[in-house]
Amino acid sequence: MDRVARLPAVERSALFAETAARMKTTPAVAEKDFWVTWVLDRLFSDAELAQLLMFKGGTSLSKAYRLIERFSEDIDLILDWRPLNDEDPLAERSKARQEKLNAAINAQAQVLIGGKLLTRIASALGDLCQCAIAADDPHVIEIRYPAAFPDRYLRPELRLEIGPLAAWLPHEEMMIGSYAAEQFPEVFVRPQCLVRVIKAERTFWEKATILHHEAHRPEGYPQPSRYSRHYYDLARMSIAPVKDAALANLGLLADVSAFKQRFYPRGWARYDLAVAGSLRLVPSGEVLAAVEADYRAMTNMIFGVVPSFGEIMESLRALEEEINSRAASG
């Protein structure tokens, strides 16, 4: 992978352009995907970073599990909370004490991310990329890579979104590769790398509970941007074998819901109802309109067949009904 990263810019650009042509996507997507993969390789090849970090989220669904045909441009990472605080965040305590501990862990993580972790990551990346703390979020490290292709929807940097308040189980090790390596393996000496990643079954329920709290979002509380990806991702997962694995483990849904109530409490999110029998996946009103508009802007990030927004909603309605029917049959 390093060999390709150090190719002359004109040769790299040609590789990404040819990759994009074969995949019917844009050169900017092929280019950024390579750098996402390269950064993950550098992180998990570093012994210290590999112990501190865990790969999760939508990018893992694409890179590790091939469950979605969507380019996911950011890297979600869990930071081990054990070096940050001597208290067990999962121990029983009052709501007020839990909120105080959550804030303390996040503050301690912010110091670590902006100090030792940033320095270590910069060292792991070497001279090919530059990294800095994002201006809009002290828990995000932005990485500037040598980009040759602009894109309206893609940001010109990739973001490491690092948070300590996330579950580490279940996880496994998986091999990942870039689009360029898939299309032109002969160009790469080492086309794949090993990463530690949260299993797709947990990500399935993480996505489902995101859609559940969005279905309960009050009017006048605008949905964050780029949320349509969660709807696309879960709709795609609903037609893959991971759906059956997830539905066979409703205890994992309960664990995800309880975790969010402990670490990300929102009264209106109604995580208490995020169980088989009352789970909601389909939005309405302002949220539905926002998701549809964002999805229209996101479609150039999807390669292969692009499902219509109506098809996505139809898949989610069917999935919602199937999950909730488990309460009656259980």
# chains A, B, ... in the order shown; residues from 1 in each chain; ligands from 1
$ residues_around --residues "Phe184 in chain A" --least-positions-apart "2" --cutoff "12 Å" --atoms "only C-alpha atoms" --output "PyMOL selection string"
chain A and resi 4+14-20+22-23+177-182+186-191
$ write_last_selection --atoms "N, CA and C atoms" --output "short mmCIF file (atom, residue, chain, number, x, y, z; two decimals), in the first residue's frame"
data_model
loop_
_atom_site.label_atom_id
_atom_site.label_comp_id
_atom_site.auth_asym_id
_atom_site.auth_seq_id
_atom_site.Cartn_x
_atom_site.Cartn_y
_atom_site.Cartn_z
N VAL A 4 2.07 2.38 -3.49
CA VAL A 4 1.10 3.15 -4.27
C VAL A 4 0.97 4.56 -3.70
N ALA A 14 -3.96 8.50 -12.41
CA ALA A 14 -4.39 7.59 -13.48
C ALA A 14 -5.00 6.32 -12.90
N LEU A 15 -4.38 5.80 -11.84
CA LEU A 15 -4.90 4.59 -11.18
C LEU A 15 -6.31 4.83 -10.65
N PHE A 16 -6.52 5.97 -9.99
CA PHE A 16 -7.83 6.24 -9.40
C PHE A 16 -8.87 6.52 -10.49
N ALA A 17 -8.46 7.17 -11.56
CA ALA A 17 -9.39 7.44 -12.66
C ALA A 17 -9.84 6.14 -13.32
N GLU A 18 -8.91 5.22 -13.53
CA GLU A 18 -9.26 3.93 -14.14
C GLU A 18 -10.12 3.09 -13.19
N THR A 19 -9.81 3.14 -11.91
CA THR A 19 -10.63 2.43 -10.92
C THR A 19 -12.06 2.96 -10.94
N ALA A 20 -12.20 4.28 -10.96
CA ALA A 20 -13.53 4.90 -10.97
C ALA A 20 -14.31 4.51 -12.23
N ARG A 22 -14.07 1.79 -13.99
CA ARG A 22 -14.52 0.40 -13.88
C ARG A 22 -15.69 0.25 -12.92
N MET A 23 -15.71 1.07 -11.87
CA MET A 23 -16.74 0.94 -10.84
C MET A 23 -17.93 1.87 -11.06
N GLY A 177 -9.46 -3.88 1.98
CA GLY A 177 -8.66 -3.39 0.87
C GLY A 177 -9.34 -2.20 0.22
N SER A 178 -8.64 -1.53 -0.66
CA SER A 178 -9.19 -0.36 -1.35
C SER A 178 -9.85 -0.78 -2.66
N TYR A 179 -10.68 0.11 -3.20
CA TYR A 179 -11.27 -0.14 -4.51
C TYR A 179 -10.18 -0.31 -5.57
N ALA A 180 -9.15 0.52 -5.48
CA ALA A 180 -8.07 0.45 -6.46
C ALA A 180 -7.37 -0.91 -6.41
N ALA A 181 -7.18 -1.43 -5.20
CA ALA A 181 -6.52 -2.74 -5.06
C ALA A 181 -7.41 -3.86 -5.58
N GLU A 182 -8.72 -3.71 -5.46
CA GLU A 182 -9.64 -4.72 -6.00
C GLU A 182 -9.60 -4.75 -7.52
N GLU A 186 -2.53 -6.18 -9.20
CA GLU A 186 -1.14 -6.34 -9.63
C GLU A 186 -0.29 -5.11 -9.33
N VAL A 187 -0.94 -3.98 -9.08
CA VAL A 187 -0.20 -2.74 -8.78
C VAL A 187 0.28 -2.73 -7.33
N PHE A 188 -0.33 -3.57 -6.49
CA PHE A 188 -0.08 -3.54 -5.05
C PHE A 188 0.79 -4.71 -4.63
N VAL A 189 1.80 -4.43 -3.81
CA VAL A 189 2.59 -5.49 -3.19
C VAL A 189 1.77 -6.15 -2.09
N ARG A 190 1.05 -5.34 -1.32
CA ARG A 190 0.21 -5.83 -0.22
C ARG A 190 -1.15 -5.15 -0.35
N PRO A 191 -2.09 -5.78 -1.05
CA PRO A 191 -3.36 -5.12 -1.35
C PRO A 191 -4.34 -5.04 -0.18
#
$ select_by_dssp --residues "range 87-244 of chain A" --states "strand (DSSP E)" --output "MDAnalysis selection string"
chainID A and resid 130:134 137:144 158:163 171:177 192:198
$ residues_around --residues "Ala240 in chain A" --least-positions-apart "2" --cutoff "12 Å" --atoms "only C-alpha atoms" --output "NGL selection string"
:A and (61 or 65-68 or 200-201 or 204 or 233-238 or 242-247 or 315 or 319)
$ write_last_selection --atoms "C-alpha atoms" --output "PDB file, in the first residue's frame"
ATOM      1  CA  LEU A  61     -19.855  -2.084   6.784  1.00  0.00           C
ATOM      2  CA  TYR A  65     -18.179  -6.655   5.530  1.00  0.00           C
ATOM      3  CA  ARG A  66     -19.163  -5.543   2.000  1.00  0.00           C
ATOM      4  CA  LEU A  67     -22.730  -5.048   3.185  1.00  0.00           C
ATOM      5  CA  ILE A  68     -23.252  -1.674   1.542  1.00  0.00           C
ATOM      6  CA  ALA A 200     -21.773  -6.106  11.810  1.00  0.00           C
ATOM      7  CA  GLU A 201     -24.574  -7.460  14.027  1.00  0.00           C
ATOM      8  CA  PHE A 204     -27.070  -3.302  12.562  1.00  0.00           C
ATOM      9  CA  ASP A 233     -27.187   1.270   5.254  1.00  0.00           C
ATOM     10  CA  LEU A 234     -29.911  -0.422   7.287  1.00  0.00           C
ATOM     11  CA  ALA A 235     -32.061  -0.999   4.195  1.00  0.00           C
ATOM     12  CA  ARG A 236     -29.118  -2.745   2.531  1.00  0.00           C
ATOM     13  CA  MET A 237     -28.392  -4.789   5.641  1.00  0.00           C
ATOM     14  CA  SER A 238     -32.037  -5.859   5.746  1.00  0.00           C
ATOM     15  CA  VAL A 242     -26.566 -10.181   8.806  1.00  0.00           C
ATOM     16  CA  LYS A 243     -30.261  -9.359   9.315  1.00  0.00           C
ATOM     17  CA  ASP A 244     -31.054 -12.909  10.402  1.00  0.00           C
ATOM     18  CA  ALA A 245     -28.008 -12.981  12.680  1.00  0.00           C
ATOM     19  CA  ALA A 246     -29.077  -9.703  14.293  1.00  0.00           C
ATOM     20  CA  LEU A 247     -32.722 -10.708  14.716  1.00  0.00           C
ATOM     21  CA  SER A 315     -37.460  -1.973   2.908  1.00  0.00           C
ATOM     22  CA  LEU A 319     -37.901  -4.602   8.471  1.00  0.00           C
TER      23      LEU A 319
END
$ closest_residue --among "A:Ser45, A:Ala258, A:Pro164, A:Gly115" --to "Pro83 in chain A" --atoms "only C-alpha atoms"
A:Pro164
$ closest_residue --among "A:Phe44, A:Phe303, A:Phe263, A:Tyr231" --to "Ala30 in chain A" --atoms "only C-alpha atoms"
A:Phe303
$ residues_around --residues "Gly310 in chain A" --least-positions-apart "5" --cutoff "12 Å" --atoms "only C-alpha atoms" --output "PDB file with N, CA and C atoms, in the first residue's frame"
ATOM      1  N   TYR A 231     -30.131   5.341   6.842  1.00  0.00           N
ATOM      2  CA  TYR A 231     -31.322   4.703   6.272  1.00  0.00           C
ATOM      3  C   TYR A 231     -30.934   3.773   5.126  1.00  0.00           C
ATOM      4  N   TYR A 232     -30.047   4.253   4.261  1.00  0.00           N
ATOM      5  CA  TYR A 232     -29.552   3.407   3.169  1.00  0.00           C
ATOM      6  C   TYR A 232     -28.856   2.175   3.729  1.00  0.00           C
ATOM      7  N   ALA A 235     -31.264  -0.374   5.253  1.00  0.00           N
ATOM      8  CA  ALA A 235     -32.061  -0.999   4.195  1.00  0.00           C
ATOM      9  C   ALA A 235     -31.248  -2.057   3.459  1.00  0.00           C
ATOM     10  N   VAL A 282     -39.084   4.176  10.462  1.00  0.00           N
ATOM     11  CA  VAL A 282     -39.507   5.045   9.358  1.00  0.00           C
ATOM     12  C   VAL A 282     -39.889   6.421   9.896  1.00  0.00           C
ATOM     13  N   LEU A 288     -38.617  13.120   7.606  1.00  0.00           N
ATOM     14  CA  LEU A 288     -38.719  12.391   6.337  1.00  0.00           C
ATOM     15  C   LEU A 288     -38.264  13.264   5.175  1.00  0.00           C
ATOM     16  N   VAL A 291     -34.429  13.688   5.282  1.00  0.00           N
ATOM     17  CA  VAL A 291     -33.733  12.470   4.854  1.00  0.00           C
ATOM     18  C   VAL A 291     -33.792  12.333   3.337  1.00  0.00           C
ATOM     19  N   GLU A 292     -34.955  12.597   2.758  1.00  0.00           N
ATOM     20  CA  GLU A 292     -35.104  12.459   1.304  1.00  0.00           C
ATOM     21  C   GLU A 292     -34.214  13.453   0.564  1.00  0.00           C
ATOM     22  N   TYR A 295     -30.619  12.348   0.866  1.00  0.00           N
ATOM     23  CA  TYR A 295     -30.353  11.155   0.054  1.00  0.00           C
ATOM     24  C   TYR A 295     -30.122  11.530  -1.405  1.00  0.00           C
ATOM     25  N   ARG A 296     -30.886  12.483  -1.911  1.00  0.00           N
ATOM     26  CA  ARG A 296     -30.682  12.929  -3.294  1.00  0.00           C
ATOM     27  C   ARG A 296     -29.265  13.466  -3.485  1.00  0.00           C
ATOM     28  N   SER A 315     -38.271  -0.951   2.238  1.00  0.00           N
ATOM     29  CA  SER A 315     -37.460  -1.973   2.908  1.00  0.00           C
ATOM     30  C   SER A 315     -37.476  -1.783   4.414  1.00  0.00           C
ATOM     31  N   LEU A 316     -37.406  -0.521   4.848  1.00  0.00           N
ATOM     32  CA  LEU A 316     -37.380  -0.247   6.283  1.00  0.00           C
ATOM     33  C   LEU A 316     -38.736  -0.523   6.936  1.00  0.00           C
ATOM     34  N   ARG A 317     -39.813  -0.254   6.228  1.00  0.00           N
ATOM     35  CA  ARG A 317     -41.140  -0.593   6.771  1.00  0.00           C
ATOM     36  C   ARG A 317     -41.264  -2.101   6.966  1.00  0.00           C
TER      37      ARG A 317
END
$ residues_around --residues "Leu158 in chain A" --least-positions-apart "5" --cutoff "9 Å" --atoms "only C-alpha atoms" --output "PyMOL selection string"
chain A and resi 32+35-36+73-75+141-145
